[in-house]
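S.K.: What follows is target02.csv, made up of CSV, C-alpha atoms:
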chain,number,residue,atom,x,y,z
B,5,MET,CA,-26.9,-96.4,82.8
B,6,SER,CA,-28.3,-93.8,80.5
B,7,GLU,CA,-26.7,-92.5,77.2
B,8,GLU,CA,-25.5,-88.9,76.9
B,9,THR,CA,-27.3,-86.8,74.4
B,10,PRO,CA,-25.2,-84.2,72.5
B,11,GLY,CA,-26.0,-80.6,73.6
B,12,PHE,CA,-27.7,-78.1,71.3
B,13,ASP,CA,-25.1,-75.4,72.1
B,14,GLU,CA,-22.3,-77.2,70.2
B,15,LYS,CA,-21.6,-75.7,66.7
B,16,PRO,CA,-21.2,-78.1,63.9
B,17,GLU,CA,-17.8,-78.2,62.4
B,18,VAL,CA,-17.4,-76.6,58.9
B,19,PRO,CA,-14.7,-77.9,56.6
B,20,ALA,CA,-12.1,-75.3,55.7
B,21,ASP,CA,-12.6,-75.9,52.0
B,22,ALA,CA,-16.3,-75.0,52.3
B,23,ALA,CA,-15.4,-71.7,54.0
B,24,SER,CA,-13.0,-70.8,51.2
B,25,ASP,CA,-15.6,-71.7,48.6
B,26,ASP,CA,-18.1,-69.3,50.2
B,27,ALA,CA,-15.5,-66.5,50.2
B,28,GLU,CA,-14.5,-66.8,46.6
B,29,PRO,CA,-18.0,-66.1,45.2
B,30,LYS,CA,-18.1,-62.9,47.3
B,31,ALA,CA,-14.8,-61.8,46.0
B,32,ALA,CA,-15.9,-62.5,42.5
B,33,ASP,CA,-19.0,-60.5,43.0
B,34,SER,CA,-17.0,-57.5,44.2
B,35,ALA,CA,-14.7,-57.8,41.2
B,36,ASP,CA,-17.6,-57.9,38.8
B,37,THR,CA,-19.0,-54.8,40.4
B,38,ALA,CA,-15.7,-53.0,40.0
B,39,GLU,CA,-15.4,-54.0,36.4
B,40,GLY,CA,-19.0,-52.9,35.7
B,41,ALA,CA,-18.3,-49.4,37.2
B,42,ALA,CA,-15.0,-48.9,35.3
B,43,PRO,CA,-16.4,-48.2,31.8
B,44,ALA,CA,-18.6,-45.4,33.0
B,45,GLY,CA,-15.6,-43.6,34.5
B,46,ASP,CA,-13.5,-44.0,31.2
B,47,SER,CA,-16.3,-42.6,29.0
B,48,ALA,CA,-16.5,-39.5,31.2
B,49,GLN,CA,-12.8,-39.0,31.0
B,50,ASP,CA,-12.9,-39.4,27.2
B,51,VAL,CA,-15.6,-36.7,27.0
B,52,ALA,CA,-13.5,-34.4,29.1
B,53,LEU,CA,-10.5,-35.0,26.9
B,54,LEU,CA,-12.4,-34.4,23.7
B,55,ALA,CA,-13.8,-31.1,25.1
B,56,GLN,CA,-10.2,-30.0,25.9
B,57,LEU,CA,-9.1,-31.0,22.4
B,58,ASP,CA,-11.9,-29.0,20.8
B,59,GLN,CA,-10.9,-26.0,23.0
B,60,ALA,CA,-7.3,-26.3,22.0
B,61,ARG,CA,-8.2,-26.5,18.3
B,62,THR,CA,-10.4,-23.4,18.6
B,63,ALA,CA,-7.6,-21.5,20.3
B,64,LEU,CA,-5.1,-22.7,17.7
B,65,GLY,CA,-7.4,-21.5,14.9
B,66,GLU,CA,-7.9,-18.1,16.5
B,67,ARG,CA,-4.1,-17.7,17.0
B,68,THR,CA,-3.5,-18.8,13.4
B,69,ALA,CA,-6.0,-16.2,12.1
B,70,ASP,CA,-4.4,-13.5,14.2
B,71,LEU,CA,-1.0,-14.4,12.9
B,72,GLN,CA,-2.1,-14.3,9.3
B,73,ARG,CA,-3.8,-11.0,9.8
B,74,LEU,CA,-0.6,-9.5,11.4
B,75,GLN,CA,1.5,-10.8,8.5
B,76,ALA,CA,-0.9,-9.2,6.0
B,77,GLU,CA,-0.8,-5.9,7.9
B,78,TYR,CA,3.0,-6.1,8.0
B,79,GLN,CA,3.3,-6.8,4.3
B,80,ASN,CA,1.0,-3.9,3.5
B,81,TYR,CA,3.0,-1.6,5.8
B,82,ARG,CA,6.3,-2.6,4.1
B,83,ARG,CA,4.8,-2.0,0.7
B,84,ARG,CA,3.4,1.4,1.8
B,85,VAL,CA,6.8,2.4,3.3
B,86,GLU,CA,8.7,1.3,0.2
B,87,ARG,CA,6.2,3.2,-2.1
B,88,ASP,CA,6.5,6.3,0.1
B,89,ARG,CA,10.3,6.1,0.1
B,90,ILE,CA,10.4,5.8,-3.7
B,91,THR,CA,8.0,8.8,-4.0
B,92,VAL,CA,10.1,10.9,-1.7
B,93,LYS,CA,13.3,10.0,-3.6
B,94,GLU,CA,11.7,10.9,-6.9
B,95,ILE,CA,10.4,14.2,-5.6
B,96,ALA,CA,13.9,15.1,-4.3
B,97,VAL,CA,15.6,14.1,-7.5
B,98,ALA,CA,13.1,16.0,-9.6
B,99,SER,CA,13.5,19.1,-7.5
B,100,LEU,CA,17.3,19.0,-7.8
B,101,LEU,CA,17.3,18.4,-11.6
B,102,THR,CA,14.7,21.2,-12.1
B,103,GLU,CA,17.1,23.6,-10.5
B,104,LEU,CA,19.8,22.4,-13.0
B,105,LEU,CA,17.7,22.8,-16.1
B,106,PRO,CA,18.8,26.5,-16.8
B,107,THR,CA,22.4,25.3,-16.6
B,108,LEU,CA,21.7,22.5,-19.0
B,109,ASP,CA,20.0,25.0,-21.4
B,110,ASP,CA,23.1,27.2,-21.3
B,111,ILE,CA,25.3,24.2,-22.1
B,112,GLY,CA,23.0,23.3,-25.0
B,113,ARG,CA,23.2,26.9,-26.4
B,114,ALA,CA,27.0,26.9,-26.0
B,115,ARG,CA,27.2,23.7,-27.9
B,116,GLU,CA,25.0,25.1,-30.8
B,117,HIS,CA,27.3,28.1,-31.1
B,118,GLY,CA,30.5,26.1,-30.9
B,119,GLU,CA,31.5,27.6,-27.6
B,120,LEU,CA,31.7,24.3,-25.7
B,121,VAL,CA,35.5,23.8,-25.7
B,122,GLY,CA,38.3,23.2,-23.3
B,123,GLY,CA,37.7,22.7,-19.6
B,124,PHE,CA,34.2,24.0,-19.9
B,125,LYS,CA,33.4,21.2,-22.2
B,126,SER,CA,34.6,18.6,-19.8
B,127,VAL,CA,32.7,20.1,-16.9
B,128,ALA,CA,29.5,20.4,-19.0
B,129,GLU,CA,29.7,16.8,-20.2
B,130,SER,CA,30.3,15.5,-16.7
B,131,LEU,CA,27.2,17.4,-15.5
B,132,GLU,CA,25.1,16.0,-18.3
B,133,THR,CA,26.4,12.5,-17.5
B,134,VAL,CA,25.4,12.8,-13.8
B,135,ALA,CA,22.0,14.1,-14.7
B,136,ALA,CA,21.4,11.2,-17.1
B,137,LYS,CA,22.5,8.7,-14.4
B,138,MET,CA,19.9,10.3,-12.1
B,139,GLY,CA,17.2,9.5,-14.7
B,140,LEU,CA,16.9,12.8,-16.6
B,141,GLN,CA,15.9,12.4,-20.2
B,142,GLN,CA,15.7,15.1,-22.9
B,143,PHE,CA,12.9,15.0,-25.5
B,144,GLY,CA,11.6,17.0,-28.3
B,145,LYS,CA,12.6,16.7,-32.0
B,146,GLU,CA,11.7,18.6,-35.1
B,147,GLY,CA,9.1,16.9,-37.3
B,148,GLU,CA,7.3,15.0,-34.6
B,149,PRO,CA,3.5,15.5,-34.1
B,150,PHE,CA,2.5,18.1,-31.6
B,151,ASP,CA,1.3,16.6,-28.3
B,152,PRO,CA,-0.1,19.1,-25.9
B,153,THR,CA,0.7,16.8,-22.9
B,154,VAL,CA,4.4,17.1,-23.5
B,155,HIS,CA,4.8,20.1,-25.8
B,156,GLU,CA,4.2,23.8,-25.2
B,157,ALA,CA,3.6,25.8,-28.4
B,158,LEU,CA,5.2,29.2,-28.4
B,159,MET,CA,5.0,30.0,-32.1
B,160,HIS,CA,2.3,29.0,-34.7
B,161,SER,CA,2.2,29.1,-38.4
B,162,TYR,CA,0.8,27.3,-41.5
B,163,ALA,CA,2.7,25.1,-43.9
B,164,PRO,CA,1.6,23.4,-47.1
B,165,ASP,CA,3.8,20.4,-46.6
B,166,VAL,CA,2.3,19.1,-43.3
B,167,THR,CA,-0.8,17.0,-42.8
B,168,GLU,CA,-1.2,17.6,-39.1
B,169,THR,CA,0.0,19.9,-36.4
B,170,THR,CA,3.7,19.4,-36.3
B,171,CYS,CA,6.7,20.6,-34.3
B,172,VAL,CA,8.8,22.5,-36.9
B,173,ALA,CA,11.3,23.9,-34.4
B,174,ILE,CA,12.5,23.1,-30.9
B,175,LEU,CA,12.9,26.4,-29.0
B,176,GLN,CA,13.7,24.7,-25.7
B,177,PRO,CA,14.0,20.9,-25.1
B,178,GLY,CA,11.8,19.1,-22.7
B,179,TYR,CA,12.9,16.9,-19.8
B,180,ARG,CA,11.3,14.0,-18.0
B,181,ILE,CA,12.2,11.5,-15.3
B,182,GLY,CA,10.8,8.1,-16.2
B,183,GLU,CA,7.2,8.8,-17.1
B,184,ARG,CA,7.0,12.1,-15.2
B,185,THR,CA,7.5,15.3,-17.3
B,186,ILE,CA,9.3,17.9,-15.3
B,187,ARG,CA,9.3,20.5,-18.2
B,188,PRO,CA,7.5,20.3,-21.5
B,189,ALA,CA,9.3,21.0,-24.7
B,190,ARG,CA,8.8,24.5,-26.0
B,191,VAL,CA,8.3,24.4,-29.7
B,192,ALA,CA,7.1,26.2,-32.8
B,193,VAL,CA,4.3,24.4,-34.6
B,194,ALA,CA,2.9,24.5,-38.1
B,195,GLU,CA,-0.6,23.5,-39.2
B,196,PRO,CA,-1.9,22.5,-42.7
B,197,GLN,CA,-3.1,25.4,-44.8
B,198,PRO,CA,-6.8,26.0,-44.2
B,199,GLY,CA,-8.9,24.3,-46.9
B,200,ALA,CA,-6.0,22.4,-48.3
B,201,ALA,CA,-6.8,18.8,-49.3
B,202,PRO,CA,-4.7,16.1,-47.8
B,203,LYS,CA,-1.8,14.9,-50.0
B,204,SER,CA,-3.3,11.5,-50.5
B,205,GLU,CA,-6.6,12.9,-51.9
B,206,SER,CA,-4.8,15.5,-54.1
B,207,ALA,CA,-2.5,12.8,-55.5
B,208,GLU,CA,-5.4,10.6,-56.3
B,209,GLY,CA,-7.2,13.5,-58.0
B,210,ASP,CA,-4.2,14.2,-60.2
B,211,LYS,CA,-4.2,10.6,-61.5
B,212,PRO,CA,-6.5,10.2,-64.6
B,213,SER,CA,-9.3,7.7,-64.3
B,214,GLY,CA,-9.2,4.4,-66.3
B,215,GLU,CA,-11.7,5.7,-69.0
B,216,ASP,CA,-9.7,9.0,-69.4
B,217,ALA,CA,-6.5,7.1,-69.8
B,218,ASP,CA,-8.0,4.8,-72.4
B,219,ALA,CA,-9.4,7.9,-74.3
B,220,ALA,CA,-6.0,9.5,-74.2
B,221,ASP,CA,-4.4,6.4,-75.6
B,222,LYS,CA,-7.0,6.2,-78.4
B,223,GLY,CA,-6.5,9.8,-79.2
Using C-alpha coordinates, write down the structure from this file.

M.R.:
Amino acid sequence: MSEETPGFDEKPEVPADAASDDAEPKAADSADTAEGAAPAGDSAQDVALLAQLDQARTALGERTADLQRLQAEYQNYRRRVERDRITVKEIAVASLLTELLPTLDDIGRAREHGELVGGFKSVAESLETVAAKMGLQQFGKEGEPFDPTVHEALMHSYAPDVTETTCVAILQPGYRIGERTIRPARVAVAEPQPGAAPKSESAEGDKPSGEDADAADKG
(Lines of atoms letter the chains of each structure in order from A and count residues from 1; the text may use other names and numbers.)
(Lines give C-alpha, C1' and ligand atoms only; values in the text may rest on other atoms or scores of the structure.)
Protein backbone atom coordinates (compact mmCIF):
# COMPACT_ATOMS: atom_id res chain seq x y z
CA MET A 1 0.00 0.00 0.00
CA SER A 2 1.58 3.24 -1.19
CA GLU A 3 1.74 6.53 0.92
CA GLU A 4 -0.12 9.62 -0.34
CA THR A 5 2.10 12.57 -1.25
CA PRO A 6 0.67 16.02 -0.49
CA GLY A 7 -0.42 17.92 -3.60
CA PHE A 8 1.43 21.02 -4.79
CA ASP A 9 -1.81 22.98 -5.19
CA GLU A 10 -2.43 23.25 -1.50
CA LYS A 11 -1.51 26.65 -0.01
CA PRO A 12 0.46 26.75 3.18
CA GLU A 13 -1.41 28.09 6.11
CA VAL A 14 -0.22 31.58 7.29
CA PRO A 15 -0.71 32.50 10.91
CA ALA A 16 -3.02 35.47 11.58
CA ASP A 17 -0.37 37.23 13.60
CA ALA A 18 2.03 37.20 10.68
CA ALA A 19 -0.55 38.77 8.40
CA SER A 20 -1.21 41.58 10.81
CA ASP A 21 2.50 42.13 11.20
CA ASP A 22 2.86 42.54 7.45
CA ALA A 23 -0.03 45.10 7.36
CA GLU A 24 1.34 47.27 10.14
CA PRO A 25 4.61 48.18 8.34
CA LYS A 26 2.60 49.21 5.30
CA ALA A 27 0.34 51.44 7.39
CA ALA A 28 3.37 52.93 9.10
CA ASP A 29 4.97 53.65 5.75
CA SER A 30 1.84 55.46 4.55
CA ALA A 31 1.69 57.50 7.77
CA ASP A 32 5.33 58.51 7.41
CA THR A 33 4.67 59.61 3.86
CA ALA A 34 1.73 61.77 4.97
CA GLU A 35 3.80 63.35 7.75
CA GLY A 36 6.59 64.09 5.32
CA ALA A 37 4.20 65.86 2.92
CA ALA A 38 2.49 67.98 5.63
CA PRO A 39 5.37 70.47 6.31
CA ALA A 40 5.51 71.51 2.67
CA GLY A 41 1.82 72.43 2.69
CA ASP A 42 2.13 74.43 5.95
CA SER A 43 5.05 76.50 4.64
CA ALA A 44 3.13 77.43 1.49
CA GLN A 45 0.17 78.50 3.63
CA ASP A 46 2.46 80.61 5.84
CA VAL A 47 3.93 82.36 2.79
CA ALA A 48 0.44 83.15 1.54
CA LEU A 49 -0.58 84.54 4.95
CA LEU A 50 2.55 86.69 5.14
CA ALA A 51 1.84 88.06 1.69
CA GLN A 52 -1.72 88.94 2.72
CA LEU A 53 -0.41 90.57 5.89
CA ASP A 54 2.03 92.71 3.90
CA GLN A 55 -0.77 93.79 1.58
CA ALA A 56 -2.95 94.69 4.56
CA ARG A 57 -0.13 96.72 6.12
CA THR A 58 0.50 98.55 2.83
CA ALA A 59 -3.20 99.34 2.46
CA LEU A 60 -3.37 100.52 6.07
CA GLY A 61 -0.37 102.82 5.55
CA GLU A 62 -1.94 104.30 2.43
CA ARG A 63 -5.27 104.89 4.16
CA THR A 64 -3.52 106.45 7.16
CA ALA A 65 -1.57 108.81 4.88
CA ASP A 66 -4.80 109.75 3.09
CA LEU A 67 -6.51 110.46 6.41
CA GLN A 68 -3.62 112.61 7.64
CA ARG A 69 -3.62 114.57 4.40
CA LEU A 70 -7.38 115.13 4.63
CA GLN A 71 -7.05 116.30 8.24
CA ALA A 72 -4.30 118.76 7.29
CA GLU A 73 -6.39 120.10 4.39
CA TYR A 74 -9.41 120.47 6.67
CA GLN A 75 -7.40 122.34 9.30
CA ASN A 76 -6.00 124.68 6.64
CA TYR A 77 -9.52 125.22 5.33
CA ARG A 78 -10.84 126.06 8.80
CA ARG A 79 -8.01 128.52 9.43
CA ARG A 80 -8.56 130.15 6.06
CA VAL A 81 -12.31 130.46 6.63
CA GLU A 82 -11.76 131.91 10.11
CA ARG A 83 -9.19 134.39 8.78
CA ASP A 84 -11.54 135.45 5.98
CA ARG A 85 -14.41 135.81 8.44
CA ILE A 86 -12.34 138.08 10.70
CA THR A 87 -11.17 140.13 7.72
CA VAL A 88 -14.72 140.62 6.44
CA LYS A 89 -15.87 141.61 9.91
CA GLU A 90 -13.04 144.15 10.30
CA ILE A 91 -13.80 145.66 6.90
CA ALA A 92 -17.50 145.96 7.74
CA VAL A 93 -16.78 147.55 11.13
CA ALA A 94 -14.22 149.93 9.63
CA SER A 95 -16.68 151.01 6.93
CA LEU A 96 -19.39 151.69 9.50
CA LEU A 97 -17.13 153.61 11.86
CA THR A 98 -15.65 155.64 8.99
CA GLU A 99 -19.16 156.90 8.24
CA LEU A 100 -19.51 157.93 11.90
CA LEU A 101 -16.27 159.95 12.06
CA PRO A 102 -17.85 163.27 10.97
CA THR A 103 -20.45 162.87 13.71
CA LEU A 104 -17.75 162.15 16.26
CA ASP A 105 -15.87 165.25 15.06
CA ASP A 106 -19.02 167.35 15.63
CA ILE A 107 -19.34 165.88 19.13
CA GLY A 108 -15.72 166.79 19.86
CA ARG A 109 -16.14 170.38 18.68
CA ALA A 110 -19.34 170.73 20.71
CA ARG A 111 -17.47 169.50 23.78
CA GLU A 112 -14.65 172.03 23.23
CA HIS A 113 -17.15 174.88 23.02
CA GLY A 114 -19.16 173.74 26.04
CA GLU A 115 -22.23 172.92 23.98
CA LEU A 116 -22.39 169.26 24.96
CA VAL A 117 -25.21 169.47 27.50
CA GLY A 118 -28.57 167.93 28.27
CA GLY A 119 -29.97 165.10 26.22
CA PHE A 120 -27.50 165.76 23.43
CA LYS A 121 -24.68 164.98 25.85
CA SER A 122 -26.22 161.62 26.80
CA VAL A 123 -26.73 160.62 23.18
CA ALA A 124 -23.20 161.72 22.24
CA GLU A 125 -21.61 159.80 25.09
CA SER A 126 -23.64 156.68 24.25
CA LEU A 127 -22.46 156.88 20.64
CA GLU A 128 -18.83 157.25 21.71
CA THR A 129 -19.19 154.27 24.05
CA VAL A 130 -20.61 152.06 21.30
CA ALA A 131 -17.83 153.11 18.93
CA ALA A 132 -15.21 152.30 21.58
CA LYS A 133 -16.75 148.85 22.14
CA MET A 134 -16.43 148.21 18.42
CA GLY A 135 -12.69 148.85 18.71
CA LEU A 136 -12.45 152.49 17.63
CA GLN A 137 -9.52 154.31 19.25
CA GLN A 138 -8.72 158.00 19.03
CA PHE A 139 -5.10 159.15 18.84
CA GLY A 140 -3.11 162.34 18.37
CA LYS A 141 -1.74 164.55 21.16
CA GLU A 142 0.09 167.84 21.23
CA GLY A 143 3.81 167.54 21.83
CA GLU A 144 4.29 164.06 20.36
CA PRO A 145 6.84 163.57 17.56
CA PHE A 146 5.49 163.82 14.03
CA ASP A 147 5.04 160.41 12.40
CA PRO A 148 4.06 160.56 8.72
CA THR A 149 2.53 157.08 8.92
CA VAL A 150 -0.18 158.22 11.37
CA HIS A 151 -0.07 162.03 11.10
CA GLU A 152 -1.08 164.36 8.29
CA ALA A 153 0.57 167.79 8.53
CA LEU A 154 -1.77 170.62 7.50
CA MET A 155 0.27 173.51 8.95
CA HIS A 156 4.02 174.01 9.27
CA SER A 157 6.13 176.42 11.28
CA TYR A 158 9.49 176.80 13.07
CA ALA A 159 9.94 176.96 16.81
CA PRO A 160 13.07 177.53 18.90
CA ASP A 161 11.95 175.22 21.69
CA VAL A 162 11.70 171.96 19.69
CA THR A 163 14.53 169.62 18.78
CA GLU A 164 12.61 167.57 16.18
CA THR A 165 9.51 167.85 14.05
CA THR A 166 6.73 167.96 16.62
CA CYS A 167 2.94 168.09 16.59
CA VAL A 168 2.11 171.42 18.22
CA ALA A 169 -1.64 171.38 17.54
CA ILE A 170 -4.21 168.66 16.80
CA LEU A 171 -6.56 170.03 14.16
CA GLN A 172 -8.49 166.79 13.81
CA PRO A 173 -7.91 163.61 15.84
CA GLY A 174 -6.99 160.37 14.17
CA TYR A 175 -8.75 157.06 14.59
CA ARG A 176 -7.63 153.45 14.39
CA ILE A 177 -9.07 149.98 14.87
CA GLY A 178 -6.45 147.76 16.41
CA GLU A 179 -3.32 148.30 14.35
CA ARG A 180 -5.26 149.60 11.33
CA THR A 181 -5.45 153.37 10.89
CA ILE A 182 -8.75 154.42 9.35
CA ARG A 183 -7.94 158.16 9.47
CA PRO A 184 -4.63 159.89 10.24
CA ALA A 185 -4.49 162.68 12.78
CA ARG A 186 -4.42 166.06 11.05
CA VAL A 187 -1.94 168.27 12.86
CA ALA A 188 0.11 171.44 12.81
CA VAL A 189 3.82 170.76 13.09
CA ALA A 190 6.82 172.81 14.12
CA GLU A 191 10.45 172.22 13.23
CA PRO A 192 13.62 173.53 14.89
CA GLN A 193 14.95 176.87 13.65
CA PRO A 194 17.30 176.37 10.68
CA GLY A 195 20.92 176.46 11.85
CA ALA A 196 19.97 176.37 15.53
CA ALA A 197 22.23 174.18 17.65
CA PRO A 198 20.58 171.45 19.74
CA LYS A 199 19.88 172.37 23.34
CA SER A 200 22.39 169.88 24.69
CA GLU A 201 25.25 171.33 22.65
CA SER A 202 24.34 174.95 23.42
CA ALA A 203 24.05 174.13 27.11
CA GLU A 204 27.48 172.54 27.08
CA GLY A 205 28.86 175.55 25.22
CA ASP A 206 27.55 177.93 27.86
CA LYS A 207 29.38 176.04 30.62
CA PRO A 208 32.95 177.30 31.18
CA SER A 209 35.73 174.78 30.80
CA GLY A 210 37.74 173.61 33.79
CA GLU A 211 40.73 175.92 33.00
CA ASP A 212 38.46 178.96 32.53
CA ALA A 213 36.74 178.24 35.82
CA ASP A 214 40.09 177.99 37.62
CA ALA A 215 41.27 181.26 36.04
CA ALA A 216 38.06 182.95 37.08
CA ASP A 217 38.51 181.70 40.67
CA LYS A 218 42.15 182.95 40.77
CA GLY A 219 41.12 186.33 39.36

S.K.: Measure the distance from atom CA of Ile174 of chain B to atom CA of Ala98 of chain B in Å and round it to one decimal.

M.R.: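 Atom-to-atom, atom CA of Ile174 of chain B to atom CA of Ala98 of chain B, that is 22.5 Å.
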
S.K.: So, counting all atoms listed in the file, which residue among B:Met159, B:Glu146, B:Met138, B:Ser47 is closest to Leu100 of chain B?

M.R.: B:Met138

S.K.: When distances are computed from only C-alpha atoms, which of B:Gly144, B:Pro149, B:Pro177, B:Gly112 shows the smallest separation from Leu131 of chain B?

M.R.: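 Closest candidate: B:Gly112.
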
S.K.: In Å, how far is it from atom CA of Glu156 of chain B to atom CA of Ala192 of chain B?

M.R.: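 Those two atoms sit 8.5 Å apart.
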
S.K.: Between B:Leu108, B:Val121, B:Ala48, B:Leu158, single out the one closest to Thr133 of chain B, counting only C-alpha atoms.

M.R.: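 Of the candidates, the smallest distance to Thr133 of chain B is held by B:Leu108.
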
S.K.: Return the single residue from B:Thr167, B:Leu71, B:Val172, B:Glu183 that is closest to Gly199 of chain B, with distances computed using all atoms listed in the file.

M.R.: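 Ranking B:Thr167, B:Leu71, B:Val172, B:Glu183 by distance to Gly199 of chain B, first place goes to B:Thr167.
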
S.K.: Calculated over only C-alpha atoms, which of the candidates B:Ile90, B:Leu105, B:Ile95, B:Val191 has the smallest distance to Gln141 of chain B?

M.R.: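 Using only C-alpha atoms, Gln141 of chain B sits closest to B:Leu105.
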
S.K.: Taking all atoms listed in the file into account, which of B:Arg87, B:Lys125, B:Arg180, B:Arg115 comes nearest His155 of chain B?

M.R.: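 Looking at the shortest contact to His155 of chain B, the residue is B:Arg180.
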
S.K.: One number please: atom CA of Ser130 of chain B to atom CA of Ala173 of chain B, in Å, one decimal.

M.R.: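 Straight-line distance from atom CA of Ser130 of chain B to atom CA of Ala173 of chain B works out to 27.3 Å.
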
S.K.: Contacts of Asp110 of chain B at 12 Å or less, counting all atoms listed in the file, minus same-chain residues fewer than 6 places along, as a list in words?

M.R.: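 Selected residues are Leu104, Glu116, His117, Glu119, Leu120, Phe124, Lys125, Ala128, Glu132, Gln176 and Pro177 of chain B.
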